[in-house]
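Shown below: query_27.pdb, with PDB, C-alpha atoms and all ligand atoms.
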ATOM      1  CA  MET F   1     -34.563  35.693 125.684
ATOM      2  CA  GLY F   2     -36.568  32.557 125.046
ATOM      3  CA  GLY F   3     -37.437  32.204 121.400
ATOM      4  CA  PRO F   4     -39.508  34.159 118.873
ATOM      5  CA  GLU F   5     -42.872  33.033 120.323
ATOM      6  CA  ILE F   6     -42.254  34.920 123.553
ATOM      7  CA  ASP F   7     -41.010  38.021 121.747
ATOM      8  CA  ARG F   8     -44.088  38.002 119.516
ATOM      9  CA  LEU F   9     -46.426  37.581 122.493
ATOM     10  CA  ILE F  10     -44.813  40.462 124.384
ATOM     11  CA  GLY F  11     -44.814  42.616 121.243
ATOM     12  CA  LEU F  12     -48.556  42.098 120.730
ATOM     13  CA  LEU F  13     -49.419  42.656 124.396
ATOM     14  CA  ALA F  14     -47.363  45.863 124.473
ATOM     15  CA  LYS F  15     -49.585  47.349 121.744
ATOM     16  CA  LEU F  16     -52.702  47.089 123.949
ATOM     17  CA  PRO F  17     -53.965  50.301 125.587
ATOM     18  CA  GLY F  18     -52.676  50.671 129.114
ATOM     19  CA  LEU F  19     -49.851  48.173 128.620
ATOM     20  CA  GLY F  20     -46.311  49.263 127.857
ATOM     21  CA  PRO F  21     -43.361  46.917 127.256
ATOM     22  CA  ARG F  22     -42.765  46.450 130.974
ATOM     23  CA  SER F  23     -46.306  45.406 131.907
ATOM     24  CA  ALA F  24     -46.482  43.342 128.706
ATOM     25  CA  ARG F  25     -43.454  41.342 129.864
ATOM     26  CA  ARG F  26     -45.014  40.810 133.285
ATOM     27  CA  ALA F  27     -48.348  39.691 131.805
ATOM     28  CA  ALA F  28     -46.612  37.347 129.346
ATOM     29  CA  LEU F  29     -44.527  35.775 132.092
ATOM     30  CA  LYS F  30     -47.570  35.276 134.332
ATOM     31  CA  MET F  31     -49.370  33.482 131.526
ATOM     32  CA  LEU F  32     -46.389  31.384 130.459
ATOM     33  CA  GLN F  33     -45.921  30.162 134.015
ATOM     34  CA  GLN F  34     -49.576  29.029 134.235
ATOM     35  CA  PRO F  35     -50.512  28.081 130.674
ATOM     36  CA  GLU F  36     -53.441  25.817 131.590
ATOM     37  CA  MET F  37     -55.014  28.256 134.020
ATOM     38  CA  ARG F  38     -54.292  31.591 132.340
ATOM     39  CA  MET F  39     -53.075  31.296 128.798
ATOM     40  CA  LEU F  40     -55.330  28.708 127.155
ATOM     41  CA  PRO F  41     -58.616  30.148 128.555
ATOM     42  CA  LEU F  42     -57.500  33.580 127.332
ATOM     43  CA  ALA F  43     -56.606  32.216 123.896
ATOM     44  CA  THR F  44     -60.042  30.566 123.653
ATOM     45  CA  ALA F  45     -61.830  33.733 124.834
ATOM     46  CA  LEU F  46     -59.928  35.836 122.283
ATOM     47  CA  ALA F  47     -60.727  33.463 119.427
ATOM     48  CA  GLU F  48     -64.412  33.204 120.389
ATOM     49  CA  ALA F  49     -64.835  36.981 120.763
ATOM     50  CA  ALA F  50     -63.086  37.611 117.441
ATOM     51  CA  ARG F  51     -65.391  35.116 115.753
ATOM     52  CA  ALA F  52     -68.696  36.088 117.396
ATOM     53  CA  VAL F  53     -68.661  39.818 118.172
ATOM     54  CA  ARG F  54     -69.809  42.254 115.474
ATOM     55  CA  PRO F  55     -71.122  45.835 115.384
ATOM     56  CA  CYS F  56     -74.923  46.019 115.727
ATOM     57  CA  ALA F  57     -76.392  47.061 112.370
ATOM     58  CA  GLU F  58     -78.883  49.309 114.170
ATOM     59  CA  CYS F  59     -76.803  51.185 116.747
ATOM     60  CA  GLY F  60     -73.129  50.245 116.281
ATOM     61  CA  ASN F  61     -72.756  48.589 119.700
ATOM     62  CA  LEU F  62     -70.523  45.500 119.824
ATOM     63  CA  ASP F  63     -72.353  42.260 120.573
ATOM     64  CA  SER F  64     -72.500  38.609 119.559
ATOM     65  CA  GLN F  65     -76.119  39.099 118.501
ATOM     66  CA  ASP F  66     -77.451  41.505 115.860
ATOM     67  CA  PRO F  67     -79.534  43.532 116.675
ATOM     68  CA  CYS F  68     -77.568  43.840 119.903
ATOM     69  CA  THR F  69     -78.883  42.928 123.353
ATOM     70  CA  ILE F  70     -79.874  46.542 124.045
ATOM     71  CA  CYS F  71     -81.664  47.116 120.715
ATOM     72  CA  ALA F  72     -83.482  43.773 121.097
ATOM     73  CA  ASP F  73     -84.568  44.456 124.705
ATOM     74  CA  PRO F  74     -88.352  45.103 124.753
ATOM     75  CA  HIS F  75     -88.027  46.951 128.087
ATOM     76  CA  ARG F  76     -85.818  49.713 126.673
ATOM     77  CA  ASP F  77     -87.445  53.031 125.805
ATOM     78  CA  ARG F  78     -87.037  53.267 122.027
ATOM     79  CA  SER F  79     -88.201  56.896 121.923
ATOM     80  CA  VAL F  80     -84.936  58.183 123.446
ATOM     81  CA  ILE F  81     -81.644  57.689 121.602
ATOM     82  CA  CYS F  82     -78.397  58.499 123.380
ATOM     83  CA  VAL F  83     -75.612  59.355 120.907
ATOM     84  CA  VAL F  84     -72.078  58.431 121.994
ATOM     85  CA  GLU F  85     -68.686  58.628 120.352
ATOM     86  CA  GLY F  86     -67.657  55.046 121.014
ATOM     87  CA  VAL F  87     -68.675  51.739 122.567
ATOM     88  CA  GLY F  88     -66.544  52.576 125.641
ATOM     89  CA  ASP F  89     -68.912  55.476 126.389
ATOM     90  CA  LEU F  90     -71.920  53.179 125.967
ATOM     91  CA  TRP F  91     -70.354  50.736 128.436
ATOM     92  CA  ALA F  92     -69.783  53.583 130.934
ATOM     93  CA  LEU F  93     -73.425  54.727 130.696
ATOM     94  CA  GLU F  94     -74.675  51.146 131.043
ATOM     95  CA  ARG F  95     -72.460  50.580 134.089
ATOM     96  CA  ALA F  96     -73.880  53.731 135.668
ATOM     97  CA  LEU F  97     -77.478  52.599 134.952
ATOM     98  CA  VAL F  98     -78.426  56.132 133.909
ATOM     99  CA  HIS F  99     -80.022  55.597 130.496
ATOM    100  CA  ARG F 100     -83.055  53.375 129.860
ATOM    101  CA  GLY F 101     -83.393  54.250 126.193
ATOM    102  CA  ILE F 102     -81.352  52.998 123.266
ATOM    103  CA  TYR F 103     -78.036  54.170 121.806
ATOM    104  CA  HIS F 104     -76.342  55.282 118.645
ATOM    105  CA  VAL F 105     -72.565  54.831 118.354
ATOM    106  CA  LEU F 106     -70.932  57.346 115.994
ATOM    107  CA  GLY F 107     -67.556  55.630 115.805
ATOM    108  CA  GLY F 108     -65.650  58.869 116.432
ATOM    109  CA  THR F 109     -66.126  62.624 116.326
ATOM    110  CA  LEU F 110     -65.696  65.118 113.540
ATOM    111  CA  SER F 111     -62.084  66.181 113.644
ATOM    112  CA  ALA F 112     -60.259  68.701 111.490
ATOM    113  CA  LEU F 113     -56.990  67.487 112.991
ATOM    114  CA  SER F 114     -57.348  63.810 112.139
ATOM    115  CA  GLY F 115     -59.313  64.566 108.956
ATOM    116  CA  LEU F 116     -62.505  62.793 110.083
ATOM    117  CA  GLY F 117     -65.525  64.105 108.158
ATOM    118  CA  PRO F 118     -69.260  63.324 108.326
ATOM    119  CA  GLU F 119     -68.833  60.473 105.825
ATOM    120  CA  ASP F 120     -66.441  58.707 108.219
ATOM    121  CA  LEU F 121     -68.998  58.544 111.025
ATOM    122  CA  ASN F 122     -72.214  56.558 111.421
ATOM    123  CA  LEU F 123     -74.398  59.648 110.840
ATOM    124  CA  SER F 124     -76.901  58.739 108.133
ATOM    125  CA  GLY F 125     -77.967  55.746 110.242
ATOM    126  CA  LEU F 126     -78.896  58.123 113.057
ATOM    127  CA  ILE F 127     -80.989  60.411 110.853
ATOM    128  CA  SER F 128     -82.914  57.492 109.359
ATOM    129  CA  ARG F 129     -83.529  55.956 112.792
ATOM    130  CA  VAL F 130     -84.983  59.284 113.976
ATOM    131  CA  VAL F 131     -87.104  59.675 110.854
ATOM    132  CA  THR F 132     -88.468  56.124 110.752
ATOM    133  CA  GLY F 133     -88.730  55.350 114.493
ATOM    134  CA  ASN F 134     -90.981  57.003 117.061
ATOM    135  CA  VAL F 135     -88.079  58.980 118.507
ATOM    136  CA  THR F 136     -88.919  61.975 120.701
ATOM    137  CA  GLU F 137     -85.483  62.865 122.089
ATOM    138  CA  VAL F 138     -81.875  62.546 120.962
ATOM    139  CA  ILE F 139     -79.373  62.986 123.800
ATOM    140  CA  LEU F 140     -75.903  63.999 122.628
ATOM    141  CA  ALA F 141     -73.549  62.426 125.184
ATOM    142  CA  LEU F 142     -70.290  63.535 123.610
ATOM    143  CA  GLY F 143     -67.073  64.461 125.395
ATOM    144  CA  ALA F 144     -66.460  68.094 126.324
ATOM    145  CA  THR F 145     -63.714  68.434 123.746
ATOM    146  CA  VAL F 146     -63.478  70.803 120.762
ATOM    147  CA  ASP F 147     -64.259  67.870 118.457
ATOM    148  CA  GLY F 148     -67.137  66.758 120.688
ATOM    149  CA  ALA F 149     -68.657  70.262 120.579
ATOM    150  CA  THR F 150     -68.161  70.515 116.799
ATOM    151  CA  THR F 151     -69.883  67.159 116.348
ATOM    152  CA  ALA F 152     -72.745  68.159 118.656
ATOM    153  CA  HIS F 153     -73.366  71.355 116.661
ATOM    154  CA  PHE F 154     -73.249  69.461 113.390
ATOM    155  CA  LEU F 155     -75.709  66.818 114.628
ATOM    156  CA  THR F 156     -78.056  69.465 116.041
ATOM    157  CA  ASP F 157     -78.183  71.115 112.604
ATOM    158  CA  GLN F 158     -78.676  67.791 110.842
ATOM    159  CA  LEU F 159     -81.478  66.743 113.197
ATOM    160  CA  ARG F 160     -83.337  70.077 113.208
ATOM    161  CA  PRO F 161     -85.518  69.290 110.127
ATOM    162  CA  THR F 162     -86.781  66.092 111.795
ATOM    163  CA  GLY F 163     -88.339  68.115 114.649
ATOM    164  CA  VAL F 164     -86.951  65.774 117.329
ATOM    165  CA  ALA F 165     -85.870  67.310 120.656
ATOM    166  CA  VAL F 166     -82.070  67.404 120.811
ATOM    167  CA  THR F 167     -80.378  67.705 124.215
ATOM    168  CA  ARG F 168     -76.760  67.721 125.384
ATOM    169  CA  VAL F 169     -75.358  66.267 128.580
ATOM    170  CA  GLY F 170     -74.629  69.069 130.991
ATOM    171  CA  GLN F 171     -72.384  69.857 133.904
ATOM    172  CA  GLY F 172     -69.957  67.306 135.252
ATOM    173  CA  VAL F 173     -68.261  66.445 132.002
ATOM    174  CA  PRO F 174     -64.845  68.050 132.472
ATOM    175  CA  ILE F 175     -63.458  70.211 129.680
ATOM    176  CA  GLY F 176     -61.407  67.996 127.410
ATOM    177  CA  GLY F 177     -62.785  64.962 129.199
ATOM    178  CA  ALA F 178     -64.126  61.762 127.730
ATOM    179  CA  LEU F 179     -67.218  60.089 129.152
ATOM    180  CA  ASP F 180     -65.743  56.694 129.864
ATOM    181  CA  VAL F 181     -63.355  57.995 132.517
ATOM    182  CA  LEU F 182     -66.139  59.531 134.634
ATOM    183  CA  ASP F 183     -67.431  57.881 137.781
ATOM    184  CA  ASP F 184     -71.033  56.687 137.821
ATOM    185  CA  GLY F 185     -72.342  59.540 139.991
ATOM    186  CA  THR F 186     -70.827  62.210 137.761
ATOM    187  CA  LEU F 187     -72.203  60.485 134.671
ATOM    188  CA  ALA F 188     -75.668  60.319 136.196
ATOM    189  CA  ALA F 189     -75.510  64.032 137.086
ATOM    190  CA  ALA F 190     -74.327  64.899 133.577
ATOM    191  CA  LEU F 191     -77.221  63.018 132.015
ATOM    192  CA  ARG F 192     -79.814  64.431 134.434
ATOM    193  CA  GLY F 193     -78.465  67.936 133.816
ATOM    194  CA  ARG F 194     -78.883  67.745 130.061
ATOM    195  CA  ARG F 195     -80.194  70.819 128.307
ATOM    196  CA  SER F 196     -81.591  71.729 124.931
ATOM    197  CA  ALA F 197     -78.911  71.800 122.242
TER
HETATM  198 ZN    ZN F 201     -77.868  47.822 118.844
END

Give the structure from the file, written as structure tokens.
Amino acid sequence: MGGPEIDRLIGLLAKLPGLGPRSARRAALKMLQQPEMRMLPLATALAEAARAVRPCAECGNLDSQDPCTICADPHRDRSVICVVEGVGDLWALERALVHRGIYHVLGGTLSALSGLGPEDLNLSGLISRVVTGNVTEVILALGATVDGATTAHFLTDQLRPTGVAVTRVGQGVPIGGALDVLDDGTLAAALRGRRSA
């Protein structure tokens, strides 16, 4: 079409979630037609985010400061930790304004299928945060999938010796559903309806 630069750009865009080859071509064309307005600001934002954003050493959230903005916020309730599979779930809960405590990002769920074991997830960090902090409740906000349920059972067993209250988000999370696709009202109901794990 128009040289290897364009092919490379479209190829990279097409690998992004939600973009196939067709929408990648449209996005590339839009940017190429307005390089000053669309392409250069995006290139700068990409480079700056890649340079500055890191996982929080405490909770696993992505932020340009460490500890992250949430962990460093003195107004958050540090006695309640909400455990999520990924940062996308944390974003969904923050958007819905339903959790005023802090978070712990596992970085996945236990999965026999994809061979993910306890050592692949950020689990030991959670146990030590519960043991060393003044934590009274751990909310397991995991998707209603087989892997989510397996992970919830595993965490409940692991946390039992610490004596902390462990709860699971309740109704509203559809079977097989992930948290970050839920609307805010459903998320709020799921968190309010949590029950002892
Ligand atoms: Zn954090």

Which is closest to ligand ZN 201 (chain F) among F:Ser114, F:Thr162, F:Ser79, F:Thr69, if we use only C-alpha atoms and all ligand atoms?
F:Thr69

Contacts with ligand ZN 201 (chain F) at most 12 Å, only C-alpha atoms and all ligand atoms counted, listed as a VMD selection string
chain F and resid 54 to 73 76 78 81 to 83 87 90 101 to 105 125 to 126 129

With 7 Å as the threshold, what does the neighbourhood of (-74.5, 65.2, 123.8) contain in terms of residues, counting all atoms listed in the file? Coordinates are those of the file; answer as a PyMOL selection string.
chain F and resi 83+139-142+152+167-169

Take the PyMOL selection byres (((chain F and resi 194) around 6) and not hetatm), run it mentally on this structure, and tell me the resulting residues as a short mmCIF file (atom, residue, chain, number, x, y, z; two decimals) with C-alpha atoms, in the frame of the given file.
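Below is the file that was written, selection-v4.cif:
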data_model
loop_
_atom_site.label_atom_id
_atom_site.label_comp_id
_atom_site.auth_asym_id
_atom_site.auth_seq_id
_atom_site.Cartn_x
_atom_site.Cartn_y
_atom_site.Cartn_z
CA ARG F 168 -76.76 67.72 125.38
CA VAL F 169 -75.36 66.27 128.58
CA GLY F 170 -74.63 69.07 130.99
CA LEU F 191 -77.22 63.02 132.01
CA ARG F 192 -79.81 64.43 134.43
CA GLY F 193 -78.46 67.94 133.82
CA ARG F 195 -80.19 70.82 128.31
#

From atom CA of Gly108 of chain F to atom CA of Glu85 of chain F the spacing works out at 5.0 Å
